[in-house]
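Novice: This is entry-v2.cif, which holds mmCIF, C-alpha atoms:
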data_model
loop_
_atom_site.label_atom_id
_atom_site.label_comp_id
_atom_site.auth_asym_id
_atom_site.auth_seq_id
_atom_site.Cartn_x
_atom_site.Cartn_y
_atom_site.Cartn_z
CA MET A 1 0.00 0.00 0.00
CA ALA A 2 1.29 3.48 -0.88
CA PHE A 3 1.21 6.29 1.66
CA ASP A 4 1.81 9.98 1.28
CA ALA A 5 3.97 11.36 4.09
CA ASP A 6 1.64 14.35 4.37
CA ASP A 7 -1.56 12.30 4.30
CA SER A 8 -3.15 13.03 7.64
CA ALA A 9 -5.63 10.20 7.14
CA TYR A 10 -2.91 7.86 8.36
CA THR A 11 -1.77 8.71 11.86
CA ASP A 12 1.81 8.10 12.90
CA ALA A 13 0.58 5.29 15.14
CA ALA A 14 -1.31 3.60 12.27
CA LEU A 15 1.74 3.82 10.03
CA LEU A 16 3.95 2.44 12.78
CA ALA A 17 1.58 -0.51 13.23
CA ASP A 18 1.80 -1.19 9.48
CA TYR A 19 5.56 -0.80 9.66
CA ALA A 20 5.70 -3.47 12.36
CA LYS A 21 3.73 -5.82 10.06
CA GLY A 22 6.40 -5.47 7.40
CA ASP A 23 4.79 -2.84 5.16
CA ALA A 24 7.64 -1.19 3.22
CA ALA A 25 5.44 1.72 2.11
CA ALA A 26 4.74 2.55 5.74
CA ALA A 27 8.49 2.53 6.42
CA ARG A 28 9.07 5.07 3.65
CA ALA A 29 6.13 7.28 4.64
CA LEU A 30 7.09 7.35 8.31
CA THR A 31 10.70 8.20 7.50
CA ALA A 32 9.64 11.00 5.17
CA ARG A 33 7.23 12.35 7.77
CA LEU A 34 9.30 12.09 10.96
CA ALA A 35 12.93 12.49 9.90
CA PRO A 36 12.71 16.19 8.90
CA ARG A 37 11.10 17.07 12.25
CA VAL A 38 13.72 15.28 14.32
CA PHE A 39 16.53 16.62 12.16
CA ALA A 40 15.29 20.21 12.55
CA GLN A 41 15.01 19.81 16.31
CA ALA A 42 18.50 18.30 16.58
CA LEU A 43 20.05 20.91 14.30
CA ARG A 44 18.58 23.76 16.37
CA MET A 45 19.86 22.17 19.54
CA LEU A 46 23.31 21.16 18.33
CA GLY A 47 24.00 23.73 15.60
CA ASP A 48 25.85 21.12 13.57
CA ARG A 49 24.42 19.20 10.60
CA ALA A 50 26.60 16.11 10.97
CA GLU A 51 25.72 15.76 14.64
CA ALA A 52 22.05 16.44 13.92
CA GLU A 53 22.14 13.65 11.33
CA ASP A 54 23.65 11.25 13.87
CA VAL A 55 20.95 12.08 16.41
CA THR A 56 18.19 11.74 13.82
CA GLN A 57 19.50 8.37 12.69
CA GLU A 58 19.83 7.08 16.25
CA ALA A 59 16.39 8.31 17.31
CA LEU A 60 14.70 6.69 14.32
CA LEU A 61 16.57 3.41 14.81
CA ARG A 62 15.22 3.34 18.37
CA LEU A 63 11.71 3.90 17.04
CA TRP A 64 12.03 1.02 14.56
CA LYS A 65 13.28 -1.19 17.36
CA VAL A 66 10.26 -0.55 19.61
CA ALA A 67 7.73 -0.62 16.74
CA PRO A 68 6.58 -4.26 17.25
CA GLU A 69 5.72 -3.56 20.90
CA TRP A 70 4.37 -0.03 20.37
CA ASP A 71 1.34 0.82 22.53
CA ALA A 72 -0.57 3.64 20.84
CA ASP A 73 -2.51 4.37 24.04
CA ARG A 74 0.60 5.18 26.03
CA ALA A 75 2.32 7.82 23.89
CA LYS A 76 2.17 9.79 20.65
CA VAL A 77 4.83 8.65 18.20
CA SER A 78 6.05 12.19 17.46
CA THR A 79 6.19 13.16 21.14
CA TRP A 80 8.10 10.00 21.98
CA LEU A 81 10.54 10.67 19.15
CA TYR A 82 11.07 14.31 20.13
CA ARG A 83 11.81 13.16 23.67
CA VAL A 84 14.36 10.58 22.50
CA ALA A 85 16.01 13.19 20.26
CA ALA A 86 16.02 15.75 23.09
CA ASN A 87 17.77 13.27 25.38
CA LEU A 88 20.32 12.38 22.70
CA CYS A 89 21.02 16.09 22.11
CA THR A 90 21.37 16.71 25.84
CA ASP A 91 23.82 13.80 26.14
CA ARG A 92 25.95 15.19 23.35
CA LEU A 93 25.92 18.74 24.69
CA ARG A 94 26.87 17.62 28.17
CA ARG A 95 29.52 15.18 26.97
CA LYS A 96 31.25 17.90 25.03
CA GLY A 97 30.56 20.71 27.47
CA ARG A 98 30.25 22.75 24.33
CA VAL A 99 30.33 26.51 24.39
CA SER A 100 27.87 28.06 21.96
CA PRO A 101 29.29 30.30 19.26
CA GLY A 102 28.91 34.01 19.95
CA LEU A 103 26.96 36.50 17.93
CA ASP A 104 30.20 38.10 16.81
CA GLU A 105 30.75 35.08 14.57
CA VAL A 106 27.79 35.98 12.37
CA PRO A 107 29.34 36.97 9.05
CA GLU A 108 28.93 40.53 7.87
CA GLN A 109 27.89 40.82 4.23
CA GLN A 110 28.20 43.70 1.80
CA SER A 111 26.47 44.36 -1.52
CA GLY A 112 25.30 47.29 -3.62
CA ASP A 113 22.10 45.80 -5.17
CA PRO A 114 19.02 46.62 -2.96
CA SER A 115 17.21 43.32 -3.69
CA VAL A 116 20.36 41.30 -3.10
CA GLU A 117 20.98 43.39 -0.04
CA ARG A 118 17.51 42.65 1.31
CA HIS A 119 18.00 38.93 0.64
CA MET A 120 21.37 38.98 2.36
CA GLN A 121 19.95 40.96 5.24
CA SER A 122 17.21 38.37 5.59
CA ALA A 123 19.77 35.56 5.58
CA THR A 124 21.93 37.46 8.05
CA ARG A 125 18.91 37.99 10.26
CA LEU A 126 18.03 34.29 10.35
CA ASN A 127 21.67 33.49 10.91
CA ALA A 128 21.73 35.89 13.83
CA LEU A 129 18.61 34.27 15.24
CA GLU A 130 20.22 30.82 14.89
CA GLN A 131 23.26 32.04 16.76
CA ALA A 132 21.14 33.73 19.42
CA LEU A 133 19.24 30.47 19.93
CA GLN A 134 22.52 28.68 20.57
CA THR A 135 23.27 31.04 23.44
CA LEU A 136 20.08 30.13 25.33
CA PRO A 137 20.26 27.67 28.20
CA GLU A 138 19.55 24.13 26.97
CA ARG A 139 15.99 23.75 28.34
CA GLN A 140 14.93 27.22 27.20
CA ARG A 141 16.29 26.55 23.75
CA MET A 142 14.51 23.20 23.54
CA ALA A 143 11.21 24.75 24.63
CA VAL A 144 11.49 27.65 22.17
CA VAL A 145 12.45 25.32 19.30
CA LEU A 146 9.60 22.90 19.97
CA ARG A 147 7.01 25.65 20.51
CA HIS A 148 7.90 28.33 17.98
CA ILE A 149 9.77 26.44 15.26
CA GLU A 150 8.32 22.94 15.36
CA GLY A 151 4.88 24.18 16.39
CA LEU A 152 4.18 21.67 19.19
CA ALA A 153 1.45 22.40 21.70
CA ASN A 154 2.50 23.15 25.28
CA PRO A 155 1.14 19.85 26.70
CA ASP A 156 3.22 17.91 24.17
CA ILE A 157 6.32 19.93 25.02
CA ALA A 158 5.66 19.28 28.70
CA GLU A 159 5.65 15.56 27.94
CA VAL A 160 8.84 15.77 25.87
CA LEU A 161 10.71 17.66 28.55
CA GLY A 162 9.08 15.90 31.50
CA ILE A 163 7.92 19.15 33.13
CA SER A 164 4.61 20.91 33.83
CA ILE A 165 2.77 23.01 31.25
CA GLU A 166 3.34 26.08 33.43
CA ALA A 167 7.07 25.39 33.36
CA VAL A 168 6.94 25.15 29.55
CA GLU A 169 5.17 28.52 29.36
CA SER A 170 7.78 30.02 31.63
CA LEU A 171 10.67 28.55 29.64
CA THR A 172 9.36 29.73 26.28
CA ALA A 173 8.56 33.21 27.60
CA ARG A 174 12.01 33.60 29.12
CA GLY A 175 13.62 32.19 26.01
CA LYS A 176 11.84 34.66 23.75
CA ARG A 177 12.68 37.56 26.03
CA ALA A 178 16.32 36.54 25.95
CA LEU A 179 16.29 36.29 22.14
CA ALA A 180 14.67 39.71 21.82
CA ALA A 181 17.18 41.21 24.23
CA ILE A 182 20.05 39.80 22.13
CA LEU A 183 18.69 40.73 18.71
CA TRP A 184 16.92 44.05 19.28
CA PRO A 185 20.10 46.11 19.78
CA ARG A 186 21.05 45.06 16.22
CA LYS A 187 17.68 46.11 14.79
CA GLU A 188 19.12 48.48 12.19
CA GLU A 189 21.72 46.04 10.94
CA LEU A 190 19.24 43.15 10.84
CA GLY A 191 16.36 45.18 9.39
CA PHE A 192 13.70 44.74 12.11
CA GLU A 193 12.63 48.36 11.69
CA ASP A 194 11.72 47.74 8.03
CA ASP A 195 9.25 45.04 9.05
CA PRO A 196 5.56 45.66 8.31
CA THR A 197 4.74 43.70 11.50
CA MET B 1 8.96 48.49 35.59
CA THR B 2 7.75 49.05 32.01
CA ARG B 3 8.84 46.67 29.30
CA PRO B 4 10.42 47.97 26.09
CA ASP B 5 8.18 47.98 23.00
CA HIS B 6 10.01 45.12 21.33
CA MET B 7 9.24 42.94 24.36
CA LYS B 8 5.54 43.82 24.37
CA ASP B 9 5.09 43.09 20.67
CA ASP B 10 7.38 40.28 19.63
CA ALA B 11 5.54 39.35 16.43
CA TRP B 12 8.77 40.07 14.53
CA LEU B 13 10.46 37.36 16.59
CA ASP B 14 7.62 34.85 16.11
CA ALA B 15 7.77 35.44 12.36
CA ASP B 16 11.52 34.91 12.20
CA LEU B 17 11.33 31.79 14.35
CA ALA B 18 8.68 30.36 12.02
CA ARG B 19 10.91 31.12 9.02
CA LEU B 20 13.72 29.14 10.61
CA LYS B 21 11.70 25.95 10.17
CA ASP B 22 12.33 25.96 6.44
CA THR B 23 16.07 26.37 6.81
CA ALA B 24 16.71 23.09 8.62
CA LEU B 25 15.83 20.46 6.04
CA PRO B 26 17.72 17.19 5.75
CA ASP B 27 19.27 16.51 2.34
CA ASP B 28 18.00 13.80 0.00
CA ASP B 29 20.98 11.46 0.41
CA PHE B 30 20.53 11.46 4.15
CA LEU B 31 16.79 10.77 3.82
CA ALA B 32 17.57 7.89 1.46
CA ARG B 33 19.97 6.41 4.05
CA LEU B 34 17.33 6.74 6.76
CA THR B 35 14.76 5.03 4.56
CA GLN B 36 17.17 2.16 3.98
CA ASP B 37 17.76 1.94 7.74
CA ALA B 38 14.01 1.72 8.28
CA LEU B 39 13.65 -1.07 5.72
CA ASN B 40 16.64 -2.98 7.12
CA ALA B 41 15.29 -2.78 10.66
CA GLN B 42 11.75 -3.70 9.65
CA PRO B 43 10.30 -6.95 11.05
CA ARG B 44 9.84 -9.57 8.34
CA PRO B 45 6.44 -11.30 8.11
CA ALA B 46 8.23 -14.70 8.11
CA LEU B 47 10.00 -13.82 11.34
CA ALA B 48 6.71 -12.73 12.85
CA SER B 49 5.13 -16.14 12.08
CA ALA B 50 8.07 -17.90 13.74
CA LYS B 51 6.89 -16.38 17.01
CA THR B 52 3.52 -18.15 16.63
CA PRO B 53 3.16 -21.10 19.07
CA TRP B 54 3.48 -24.62 17.56
CA TRP B 55 -0.13 -25.53 18.33
CA GLN B 56 -1.36 -22.39 16.58
CA GLN B 57 0.74 -23.18 13.51
CA THR B 58 -0.62 -26.79 13.48
CA LEU B 59 -4.17 -25.49 13.82
CA ASP B 60 -3.58 -23.14 10.91
CA ILE B 61 -2.28 -26.00 8.74
CA ILE B 62 -5.39 -28.14 9.26
CA GLY B 63 -7.74 -25.25 8.62
CA GLY B 64 -8.40 -23.75 12.05
CA TRP B 65 -11.03 -24.89 14.55
CA GLY B 66 -13.38 -26.04 11.78
CA GLY B 67 -10.69 -28.29 10.39
CA LEU B 68 -9.97 -29.65 13.84
CA SER B 69 -13.67 -30.51 14.37
CA GLY B 70 -13.81 -32.35 11.06
CA LEU B 71 -10.63 -34.24 11.87
CA ALA B 72 -11.98 -35.23 15.29
CA ALA B 73 -15.26 -36.47 13.79
CA THR B 74 -13.38 -38.53 11.23
CA VAL B 75 -11.23 -40.08 13.95
CA VAL B 76 -14.29 -41.01 16.02
CA VAL B 77 -16.10 -42.56 13.07
CA GLY B 78 -12.99 -44.46 12.01
CA PHE B 79 -12.52 -45.72 15.53
CA ALA B 80 -16.14 -46.88 15.73
CA ILE B 81 -15.80 -48.77 12.46
CA GLY B 82 -12.62 -50.34 13.73
CA LEU B 83 -14.38 -51.55 16.89
CA GLY B 84 -17.24 -53.13 14.94
CA GLY B 85 -16.96 -56.79 13.74
CA PRO B 86 -16.44 -57.90 10.10
CA VAL B 87 -20.09 -58.95 9.86
CA GLN B 88 -21.20 -55.52 10.71
CA VAL B 89 -18.76 -54.13 8.19
CA ASP B 90 -20.00 -56.54 5.56
CA SER B 91 -23.61 -55.67 6.20
CA THR B 92 -22.82 -52.01 6.24
CA LEU B 93 -20.94 -52.34 2.97
CA ALA B 94 -23.78 -54.41 1.50
CA ASP B 95 -26.26 -51.75 2.56
CA LEU B 96 -24.10 -49.14 0.95
CA LEU B 97 -23.93 -51.16 -2.26
CA GLY B 98 -27.67 -51.51 -2.53
CA GLY B 99 -28.57 -54.25 -0.04
CA GLY B 100 -30.96 -57.14 -0.82
CA VAL B 101 -30.12 -59.91 -3.28
CA LEU B 102 -27.98 -57.82 -5.54
CA GLY B 103 -25.94 -56.68 -2.56
CA ASP B 104 -25.51 -60.28 -1.35
CA GLU B 105 -24.34 -61.36 -4.78
CA ILE B 106 -21.81 -58.64 -4.97
CA MET B 107 -20.54 -59.46 -1.48
CA PHE B 108 -20.32 -63.14 -2.42
CA ALA B 109 -18.37 -62.30 -5.57
CA MET B 110 -16.00 -60.12 -3.56
CA GLU B 111 -15.38 -62.88 -1.01
CA PHE B 112 -14.86 -65.42 -3.81
CA ASP B 113 -12.31 -63.14 -5.48
CA LEU B 114 -10.47 -62.70 -2.20
CA GLU B 115 -10.33 -66.47 -1.55
CA GLU B 116 -9.21 -67.28 -5.08
CA GLY B 117 -6.62 -64.54 -5.08
#
Please re-express this file's structure in structure tokens.
Specialist:
Amino acid sequence: MAFDADDSAYTDAALLADYAKGDAAAARALTARLAPRVFAQALRMLGDRAEAEDVTQEALLRLWKVAPEWDADRAKVSTWLYRVAANLCTDRLRRKGRVSPGLDEVPEQQSGDPSVERHMQSATRLNALEQALQTLPERQRMAVVLRHIEGLANPDIAEVLGISIEAVESLTARGKRALAAILWPRKEELGFEDDPT
Amino acid sequence: MTRPDHMKDDAWLDADLARLKDTALPDDDFLARLTQDALNAQPRPALASAKTPWWQQTLDIIGGWGGLSGLAATVVVGFAIGLGGPVQVDSTLADLLGGGVLGDEIMFAMEFDLEEG
């Protein structure tokens, strides 16, 4: 049976059940659906594509391993996977005791063409945001990434991080305040003042 | 303490965070490797059937509970025939072959053939 990764008619749990029965199409659909989410989460947390790929691969291998015994009533597949990826990221960050790169490392770009300049400014702005994210404490960063980039609901984030919903709200609010405090002083350089919002 | 304007209205930050989502996509080669991983790790239907208990596999071979009932009935009937004497078998066979004179003649012919070889 063929599945479309974006077809919401098939839940992650239904696809995982088919995967466990040996359905190759379910394996492809689940990979296409889940891998980009885990990779994005890991990349935001680790700031390194190669490491994010390792985490994504490991998290998915763990999912395939538990698939035959999966109990759909106990957990959502995506939440479970985010939690595994979060733990793998935390392990790596703590093992390395890594220091996040500073905002000074964001490359400055020059150009004369206004459209190119706008494009470069936009890229610089996202780059600055990426770098600012890396400076947040681990739990704040995870909460902001899951809430504002991956679009998870607060109860799901609470489950991923193993904390209360109130704690999630507090983490995301503090994380956003910290990001704004870092980026706002560079508003002219990064073009926030030109925003219609 | 009053909060600065950019803290009160952080729509600009929400918008930029949302835009970040599209900048963290895995490349196609990596996705292909992950798909291969998924297929390699996938349980095989044959392996799944190996976990089935022996009695379940036997039941499946003979056609489930219906098959088992039929087999049991056949065994009982066969056993009953085995317990019965040859006369009863003969008469039963004669009845099956039509009974009466014609049946007796056929039975006689069969016995004669057996004796003569």
Novice: Would you kindly return, as JSON, numbers by chain, each protein, DNA or RNA residue with an atom no farther than 9 Å from any atom of A:Asp156, considering all atoms listed in the file and excluding same-chain residues fewer than 3 positions away?
Specialist: {"A": [76, 79, 152, 153, 159, 160, 161, 165]}
Novice: List the residues selected by the PyMOL selection byres ((chain A) within 7 of (chain B)) in the file shown, writing them as a ChimeraX atom specification.
Specialist: /A:19-22,24,27-28,31,36,39-40,43,57,64,126,148-150,177,180,197
Novice: What does the distance from atom CA of A:Asp54 to atom CA of A:Met142 come to in Å, to one decimal?
Specialist: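 Pair atom CA of A:Asp54 / atom CA of A:Met142 returns 17.9 Å.
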Novice: In Å to one decimal, how far is atom CA of A:Arg74 from atom CA of A:Glu53?
Specialist: 27.4 Å
Novice: Identify the residues within 12 Å of coordinate (2.0, 5.4, 12.7) (same frame as the file), considering all atoms listed in the file, and give the answer as a PyMOL selection string.
Specialist: chain A and resi 3+5+7-21+23+25-31+33-34+63-64+67-68+70-72+75-78+81
Novice: Find the distance between atom CA of A:Trp80 and atom CA of A:Lys65 and write it in Å to one decimal.
Specialist: 13.2 Å
Novice: Could you tell me which residues the PyMOL selection byres ((chain A and resi 140) around 8) returns for this structure, as a list in words?
Specialist: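 That selection, the PyMOL selection byres ((chain A and resi 140) around 8), comes back as Leu136, Pro137, Glu138, Arg139, Arg141, Met142, Ala143, Val144, Leu171, Thr172, Arg174 and Gly175 of chain A.
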Novice: Counting all atoms listed in the file, figure out which residue out of A:Ala158, A:Ala85, A:Ala178, A:Val168 gets nearest to A:Ala42.
Specialist: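 Under the stated criterion, the closest residue is A:Ala85.
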